[in-house]
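Chemist: Below is input_5.cif; it holds mmCIF, C-alpha atoms.
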data_structure
loop_
_atom_site.label_atom_id
_atom_site.label_comp_id
_atom_site.auth_asym_id
_atom_site.auth_seq_id
_atom_site.Cartn_x
_atom_site.Cartn_y
_atom_site.Cartn_z
CA ALA A 1 -30.05 -1.11 -4.49
CA ALA A 2 -32.52 -3.71 -5.81
CA ALA A 3 -33.43 -1.45 -8.72
CA GLY A 4 -29.74 -0.92 -9.42
CA ALA A 5 -29.07 -4.64 -9.34
CA GLN A 6 -31.89 -5.20 -11.83
CA ALA A 7 -30.44 -2.54 -14.13
CA PHE A 8 -27.09 -4.35 -14.08
CA SER A 9 -28.64 -7.76 -14.76
CA ARG A 10 -27.25 -8.02 -18.30
CA TRP A 11 -23.73 -6.87 -17.42
CA THR A 12 -20.82 -9.26 -16.99
CA ALA A 13 -18.66 -9.20 -13.86
CA GLU A 14 -15.87 -7.61 -15.89
CA GLU A 15 -18.17 -4.84 -17.14
CA LEU A 16 -19.50 -4.19 -13.64
CA HIS A 17 -15.98 -4.10 -12.26
CA ALA A 18 -14.85 -1.64 -14.94
CA ALA A 19 -17.83 0.62 -14.27
CA GLY A 20 -17.19 0.42 -10.52
CA SER A 21 -13.56 1.33 -10.97
CA ALA A 22 -14.53 4.36 -13.08
CA LYS A 23 -16.88 5.51 -10.30
CA TYR A 24 -14.16 4.89 -7.70
CA GLN A 25 -11.66 6.98 -9.64
CA ALA A 26 -14.27 9.74 -9.93
CA GLY A 27 -14.80 9.74 -6.15
CA GLN A 28 -18.32 8.31 -6.41
CA PHE A 29 -17.74 5.71 -3.72
CA LEU A 30 -21.32 4.61 -3.00
CA ALA A 31 -21.95 3.95 -6.70
CA ALA A 32 -18.61 2.16 -6.97
CA GLU A 33 -19.43 -0.09 -4.02
CA GLU A 34 -22.82 -0.98 -5.51
CA LEU A 35 -21.20 -1.90 -8.82
CA TYR A 36 -18.44 -3.94 -7.18
CA ARG A 37 -20.98 -5.86 -5.11
CA ALA A 38 -23.06 -6.49 -8.23
CA ALA A 39 -19.93 -7.80 -9.97
CA LEU A 40 -19.33 -10.24 -7.12
CA GLN A 41 -22.91 -11.48 -7.40
CA ARG A 42 -22.02 -12.33 -11.02
CA ASP A 43 -18.64 -13.84 -10.15
CA PRO A 44 -17.77 -14.19 -6.42
CA ARG A 45 -14.19 -15.16 -7.37
CA HIS A 46 -13.38 -12.09 -9.50
CA VAL A 47 -9.97 -11.16 -8.09
CA ARG A 48 -9.82 -7.53 -9.22
CA THR A 49 -13.27 -6.81 -7.81
CA LEU A 50 -12.47 -8.51 -4.50
CA CYS A 51 -9.28 -6.46 -4.24
CA ASN A 52 -10.85 -3.16 -5.26
CA LEU A 53 -13.87 -3.54 -3.00
CA GLY A 54 -11.45 -4.25 -0.16
CA ALA A 55 -9.53 -1.10 -1.04
CA LEU A 56 -12.71 0.97 -1.15
CA LEU A 57 -13.84 -0.26 2.27
CA HIS A 58 -10.35 0.27 3.69
CA ASN A 59 -9.64 3.70 2.21
CA THR A 60 -13.05 5.38 2.26
CA LYS A 61 -14.88 3.73 5.18
CA ASN A 62 -12.13 2.46 7.50
CA GLN A 63 -13.98 -0.86 7.56
CA TYR A 64 -10.80 -2.80 8.16
CA ALA A 65 -12.24 -6.19 9.10
CA GLU A 66 -14.52 -6.42 6.06
CA ALA A 67 -11.80 -5.05 3.78
CA GLU A 68 -9.37 -7.71 5.03
CA ARG A 69 -11.99 -10.37 4.35
CA PHE A 70 -12.19 -9.30 0.70
CA TYR A 71 -8.40 -9.14 0.39
CA HIS A 72 -8.06 -12.67 1.74
CA ALA A 73 -10.79 -13.87 -0.63
CA ALA A 74 -8.80 -12.37 -3.52
CA LEU A 75 -5.60 -14.02 -2.29
CA ALA A 76 -7.41 -17.35 -1.97
CA GLU A 77 -8.03 -17.09 -5.73
CA ASP A 78 -4.56 -15.73 -6.59
CA PRO A 79 -2.00 -15.88 -3.74
CA THR A 80 0.52 -13.90 -5.82
CA ASP A 81 -1.68 -10.95 -6.82
CA LEU A 82 0.64 -7.99 -6.33
CA VAL A 83 -1.92 -5.25 -5.74
CA THR A 84 -3.85 -7.29 -3.19
CA LEU A 85 -0.70 -8.26 -1.29
CA TYR A 86 0.43 -4.64 -1.15
CA ASN A 87 -3.01 -3.33 -0.18
CA CYS A 88 -3.36 -5.95 2.53
CA GLY A 89 0.01 -4.89 3.93
CA LEU A 90 -1.21 -1.29 4.06
CA LEU A 91 -4.41 -2.35 5.79
CA LEU A 92 -2.59 -4.41 8.40
CA GLU A 93 -0.34 -1.44 9.17
CA ALA A 94 -3.28 0.97 9.37
CA SER A 95 -5.32 -1.28 11.64
CA SER A 96 -2.45 -2.61 13.76
CA ASP A 97 -3.00 -0.23 16.70
CA GLY A 98 0.62 -0.89 17.62
CA SER A 99 0.28 -4.67 17.54
CA VAL A 100 3.68 -6.15 16.72
CA GLU A 101 2.02 -9.31 15.45
CA ALA A 102 -0.10 -7.29 12.97
CA LEU A 103 2.96 -5.37 11.83
CA HIS A 104 4.85 -8.62 11.29
CA ARG A 105 1.90 -9.83 9.19
CA ALA A 106 2.04 -6.58 7.21
CA GLU A 107 5.74 -7.09 6.56
CA ASP A 108 5.02 -10.62 5.36
CA MET A 109 2.52 -9.24 2.84
CA TYR A 110 5.20 -6.89 1.49
CA ARG A 111 7.67 -9.80 1.39
CA ARG A 112 5.21 -11.80 -0.70
CA ALA A 113 4.60 -8.79 -2.96
CA LEU A 114 8.34 -8.55 -3.53
CA GLU A 115 8.51 -12.23 -4.41
CA ARG A 116 5.98 -11.42 -7.13
CA ASP A 117 7.84 -8.26 -8.23
CA PRO A 118 11.28 -7.63 -6.68
CA ASN A 119 11.24 -4.07 -8.04
CA HIS A 120 7.94 -2.97 -6.49
CA VAL A 121 9.26 0.19 -4.86
CA ASP A 122 6.36 0.91 -2.49
CA SER A 123 6.60 -2.59 -1.03
CA LEU A 124 10.38 -2.22 -0.69
CA VAL A 125 10.05 1.08 1.16
CA ASN A 126 7.25 -0.10 3.45
CA ARG A 127 9.05 -3.33 4.29
CA ALA A 128 12.25 -1.37 4.96
CA CYS A 129 10.36 0.88 7.39
CA LEU A 130 9.03 -2.14 9.28
CA ARG A 131 12.45 -3.82 9.34
CA HIS A 132 13.86 -0.63 10.86
CA LEU A 133 11.13 0.40 13.29
CA VAL A 134 9.63 -2.94 14.34
CA ARG A 135 12.51 -5.38 14.08
CA GLY A 136 15.44 -2.99 14.60
CA ASP A 137 17.16 -4.52 11.58
CA LEU A 138 19.15 -1.51 10.37
CA ASP A 139 21.25 -3.47 7.88
CA GLY A 140 18.29 -5.16 6.21
CA ALA A 141 16.29 -1.94 6.14
CA GLU A 142 19.16 0.07 4.68
CA GLN A 143 19.71 -2.45 1.89
CA MET A 144 16.02 -2.18 0.96
CA PHE A 145 16.05 1.63 1.01
CA ILE A 146 19.15 1.71 -1.19
CA ARG A 147 17.59 -0.74 -3.63
CA ALA A 148 14.28 1.19 -3.74
CA LEU A 149 16.01 4.52 -4.37
CA LYS A 150 18.19 3.01 -7.07
CA ILE A 151 15.01 2.01 -8.89
CA GLN A 152 13.13 5.25 -8.14
CA PRO A 153 15.52 7.99 -6.95
CA ASN A 154 12.73 10.54 -6.35
CA HIS A 155 10.55 8.34 -4.13
CA VAL A 156 9.70 10.83 -1.39
CA ASP A 157 8.68 8.33 1.30
CA GLY A 158 11.82 6.32 0.61
CA LEU A 159 14.05 9.39 0.84
CA CYS A 160 12.49 10.61 4.08
CA ASN A 161 12.38 7.26 5.84
CA TYR A 162 15.92 6.42 4.82
CA ALA A 163 16.97 9.83 6.14
CA MET A 164 15.45 8.97 9.53
CA LEU A 165 17.33 5.68 9.61
CA LEU A 166 20.61 7.42 8.77
CA ARG A 167 20.12 10.17 11.34
CA ASP A 168 18.65 8.15 14.20
CA GLY A 169 20.12 4.71 13.59
CA ARG A 170 23.45 5.30 11.87
CA GLY A 171 24.55 8.68 13.22
CA ARG A 172 25.00 10.07 9.70
CA PRO A 173 23.12 13.41 9.87
CA ASP A 174 24.88 14.98 6.89
CA GLN A 175 23.77 12.25 4.51
CA ALA A 176 20.29 12.31 6.06
CA ARG A 177 20.09 16.08 5.49
CA GLU A 178 20.92 15.69 1.80
CA LEU A 179 18.19 13.08 1.35
CA VAL A 180 15.58 15.34 2.97
CA ARG A 181 16.71 18.29 0.85
CA HIS A 182 16.35 16.10 -2.23
CA ALA A 183 12.85 15.08 -1.12
CA ALA A 184 11.94 18.73 -0.56
CA ARG A 185 13.00 19.60 -4.11
CA VAL A 186 10.85 16.78 -5.45
CA ALA A 187 7.77 17.48 -3.29
CA PRO A 188 8.01 20.88 -1.59
CA GLN A 189 4.34 20.77 -0.53
CA ASP A 190 4.58 17.35 1.15
CA ALA A 191 3.08 17.57 4.66
CA TRP A 192 5.81 15.50 6.32
CA ILE A 193 8.55 17.58 4.72
CA LYS A 194 6.89 20.83 5.78
CA GLN A 195 6.68 19.60 9.35
CA HIS A 196 10.02 17.80 9.78
CA ALA A 197 12.58 19.07 7.25
CA ALA A 198 13.88 21.80 9.55
CA ALA A 199 14.87 19.20 12.13
CA PHE A 200 17.44 17.81 9.68
CA GLU A 201 19.19 21.16 9.12
#
Hey, can you dump this file as structure tokens for me?
Modeler:
Amino acid sequence: AAAGAQAFSRWTAEELHAAGSAKYQAGQFLAAEELYRAALQRDPRHVRTLCNLGALLHNTKNQYAEAERFYHAALAEDPTDLVTLYNCGLLLEASSDGSVEALHRAEDMYRRALERDPNHVDSLVNRACLRHLVRGDLDGAEQMFIRALKIQPNHVDGLCNYAMLLRDGRGRPDQARELVRHAARVAPQDAWIKQHAAAFE
């Protein structure tokens, strides 16, 4: 690592971040982490690096506590950064272990992401799921699902989760069935659809 750091000594934080992101996209996670950490030695407040290193630790190492630390450092620099807010919501859900408090914190991250971009479909869908499953707010959840699918009608997670709300919460199995059929046309190889679609027929 020391030799690597010396090799990067002339690179700016932005250059190191870009190189790290290229390695991340290529699946070279150890090299990506080294480059991200070198970027933060150059500029400890570099928001994109803080966010992406958090994502790497979260998604490839399941190092939730350290990943959250980097996300919060990014948000300390830019409290409205959309990607960091969304990623932090995902992390809080993944690491919640059923904790209602953690899931409420995840929902708050999605709420803040939607303040930054009201049309961010993934945040809409994830917040709708939490409104439905954690808070039991069927009306609020349904409004979010409808809004998300108006923006992106082929959003598979939105279609499937809205179908579950309609079937289990609203007693509207016919409409739920049509949504799952639509999702199956969009993504026939989706694992959830393969496992659960028959239950809607």
Chemist: Go through the shown structure with the PyMOL selection byres ((chain A and resi 79) around 12) and write out the matching residues as a count of residues only.
Modeler: 23
Chemist: Run the PyMOL selection byres ((chain A and resi 148) around 10) on the file and write out the hits as a list in words.
Modeler: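 Written out, the selection comes to Pro118, Asn119, His120, Val121, Asp122, Ser123, Leu124, Val125, Ala128, Glu142, Gln143, Met144, Phe145, Ile146, Arg147, Leu149, Lys150, Ile151, Gln152, Pro153, Asn154, His155, Gly158 and Leu159 of chain A.
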Chemist: What does the structure give for the distance between atom CA of A:Ala184 and atom CA of A:Leu130, in Å to one decimal?
Modeler: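 That distance, rounded to one decimal, is 23.3 Å.
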Chemist: To one decimal place in Å, what is the distance between atom CA of A:Ala102 and atom CA of A:Ser21?
Modeler: 28.8 Å
Chemist: Give me, as a list in words, all polymer residues having an atom no more than 12 Å from A:Pro173, counting all atoms listed in the file and skipping those fewer than 6 positions away in the same chain.
Modeler: Tyr162, Ala163, Met164, Leu165, Leu166, Arg167, Leu179, Val180, Ala199, Phe200 and Glu201 of chain A
Chemist: Might you spell out which residues the PyMOL selection byres ((chain A and resi 62-65) around 12) would select in the displayed file, as a list in words?
Modeler: Leu53, Gly54, Ala55, Leu56, Leu57, His58, Asn59, Thr60, Lys61, Glu66, Ala67, Glu68, Arg69, Phe70, Tyr71, His72, Asn87, Cys88, Gly89, Leu90, Leu91, Leu92, Glu93, Ala94, Ser95, Ser96 and Asp97 of chain A
Chemist: Taking C-alpha atoms for each residue, export the selection above as a CSV table (one decimal), in the coordinates of the input.
Modeler:
chain,number,residue,atom,x,y,z
A,53,LEU,CA,-13.9,-3.5,-3.0
A,54,GLY,CA,-11.4,-4.2,-0.2
A,55,ALA,CA,-9.5,-1.1,-1.0
A,56,LEU,CA,-12.7,1.0,-1.2
A,57,LEU,CA,-13.8,-0.3,2.3
A,58,HIS,CA,-10.4,0.3,3.7
A,59,ASN,CA,-9.6,3.7,2.2
A,60,THR,CA,-13.0,5.4,2.3
A,61,LYS,CA,-14.9,3.7,5.2
A,66,GLU,CA,-14.5,-6.4,6.1
A,67,ALA,CA,-11.8,-5.0,3.8
A,68,GLU,CA,-9.4,-7.7,5.0
A,69,ARG,CA,-12.0,-10.4,4.4
A,70,PHE,CA,-12.2,-9.3,0.7
A,71,TYR,CA,-8.4,-9.1,0.4
A,72,HIS,CA,-8.1,-12.7,1.7
A,87,ASN,CA,-3.0,-3.3,-0.2
A,88,CYS,CA,-3.4,-6.0,2.5
A,89,GLY,CA,0.0,-4.9,3.9
A,90,LEU,CA,-1.2,-1.3,4.1
A,91,LEU,CA,-4.4,-2.4,5.8
A,92,LEU,CA,-2.6,-4.4,8.4
A,93,GLU,CA,-0.3,-1.4,9.2
A,94,ALA,CA,-3.3,1.0,9.4
A,95,SER,CA,-5.3,-1.3,11.6
A,96,SER,CA,-2.4,-2.6,13.8
A,97,ASP,CA,-3.0,-0.2,16.7
Chemist: Mind listing as a ChimeraX atom specification all residues within 7 Å of (12.3, 16.1, 5.2), counting all atoms listed in the file?
Modeler: /A:160,180-181,183-184,192-193,196-197
Chemist: For a quick check of your reading of the model, name the residues lying within 9 Å of the coordinate (-13.4, -9.8, -8.6), counting all atoms listed in the file, and write them as number ranges by chain.
Modeler: A: 13-14, 17, 36, 39-40, 43-53, 74
Chemist: Using all atoms listed in the file, can you tell me which of A:Ala198, A:Leu138, A:Ala22, A:Ala106 comes closest to A:Arg177?
Modeler: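 Checking each candidate against A:Arg177, we get A:Ala198 as the closest.
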Chemist: Could you tell me how far atom CA of A:Ala26 lies from atom CA of A:Val186, in Å and to one decimal?
Modeler: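 If I compute the distance from atom CA of A:Ala26 to atom CA of A:Val186, I get 26.5 Å.
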Chemist: My list of candidates is A:Leu103, A:Ala32, A:Ala187, A:Ala38. Which is closest to A:His132 when distances are computed with all atoms listed in the file?
Modeler: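 For A:His132, the nearest of the given residues is A:Leu103.
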Chemist: Complete stretch 25-40 of chain A at the level of N, CA, C and O atoms, written as a compact mmCIF listing (two decimals), in the frame of the given file.
Modeler:
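Output saved as selection-v8.txt:
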# COMPACT_ATOMS: atom_id res chain seq x y z
N GLN A 25 -12.63 5.97 -9.24
CA GLN A 25 -11.66 6.98 -9.64
C GLN A 25 -12.28 8.38 -9.65
O GLN A 25 -11.59 9.38 -9.40
N ALA A 26 -13.58 8.46 -9.90
CA ALA A 26 -14.27 9.74 -9.93
C ALA A 26 -14.71 10.19 -8.53
O ALA A 26 -15.32 11.26 -8.39
N GLY A 27 -14.42 9.39 -7.51
CA GLY A 27 -14.80 9.74 -6.15
C GLY A 27 -16.24 9.45 -5.81
O GLY A 27 -16.75 9.90 -4.78
N GLN A 28 -16.92 8.67 -6.66
CA GLN A 28 -18.32 8.31 -6.41
C GLN A 28 -18.35 6.94 -5.72
O GLN A 28 -18.63 5.91 -6.33
N PHE A 29 -18.05 6.95 -4.42
CA PHE A 29 -17.74 5.71 -3.72
C PHE A 29 -18.97 4.83 -3.48
O PHE A 29 -18.86 3.60 -3.55
N LEU A 30 -20.13 5.43 -3.21
CA LEU A 30 -21.32 4.61 -3.00
C LEU A 30 -21.70 3.88 -4.28
O LEU A 30 -22.03 2.68 -4.25
N ALA A 31 -21.64 4.59 -5.41
CA ALA A 31 -21.95 3.95 -6.70
C ALA A 31 -20.92 2.88 -7.02
O ALA A 31 -21.26 1.80 -7.53
N ALA A 32 -19.66 3.15 -6.72
CA ALA A 32 -18.61 2.16 -6.97
C ALA A 32 -18.85 0.90 -6.15
O ALA A 32 -18.75 -0.22 -6.67
N GLU A 33 -19.19 1.09 -4.88
CA GLU A 33 -19.43 -0.09 -4.02
C GLU A 33 -20.59 -0.91 -4.55
O GLU A 33 -20.52 -2.15 -4.58
N GLU A 34 -21.66 -0.26 -4.98
CA GLU A 34 -22.82 -0.98 -5.51
C GLU A 34 -22.42 -1.80 -6.74
O GLU A 34 -22.82 -2.96 -6.89
N LEU A 35 -21.63 -1.20 -7.61
CA LEU A 35 -21.20 -1.90 -8.82
C LEU A 35 -20.26 -3.06 -8.50
O LEU A 35 -20.37 -4.14 -9.09
N TYR A 36 -19.33 -2.85 -7.57
CA TYR A 36 -18.44 -3.94 -7.18
C TYR A 36 -19.23 -5.11 -6.59
O TYR A 36 -18.96 -6.28 -6.89
N ARG A 37 -20.20 -4.77 -5.73
CA ARG A 37 -20.98 -5.86 -5.11
C ARG A 37 -21.83 -6.58 -6.16
O ARG A 37 -22.01 -7.81 -6.08
N ALA A 38 -22.32 -5.85 -7.14
CA ALA A 38 -23.06 -6.49 -8.23
C ALA A 38 -22.14 -7.41 -9.04
O ALA A 38 -22.54 -8.50 -9.46
N ALA A 39 -20.90 -6.96 -9.25
CA ALA A 39 -19.93 -7.80 -9.97
C ALA A 39 -19.68 -9.10 -9.22
O ALA A 39 -19.57 -10.18 -9.84
N LEU A 40 -19.60 -9.03 -7.91
CA LEU A 40 -19.33 -10.24 -7.12
C LEU A 40 -20.55 -11.16 -7.06
O LEU A 40 -20.40 -12.37 -6.84
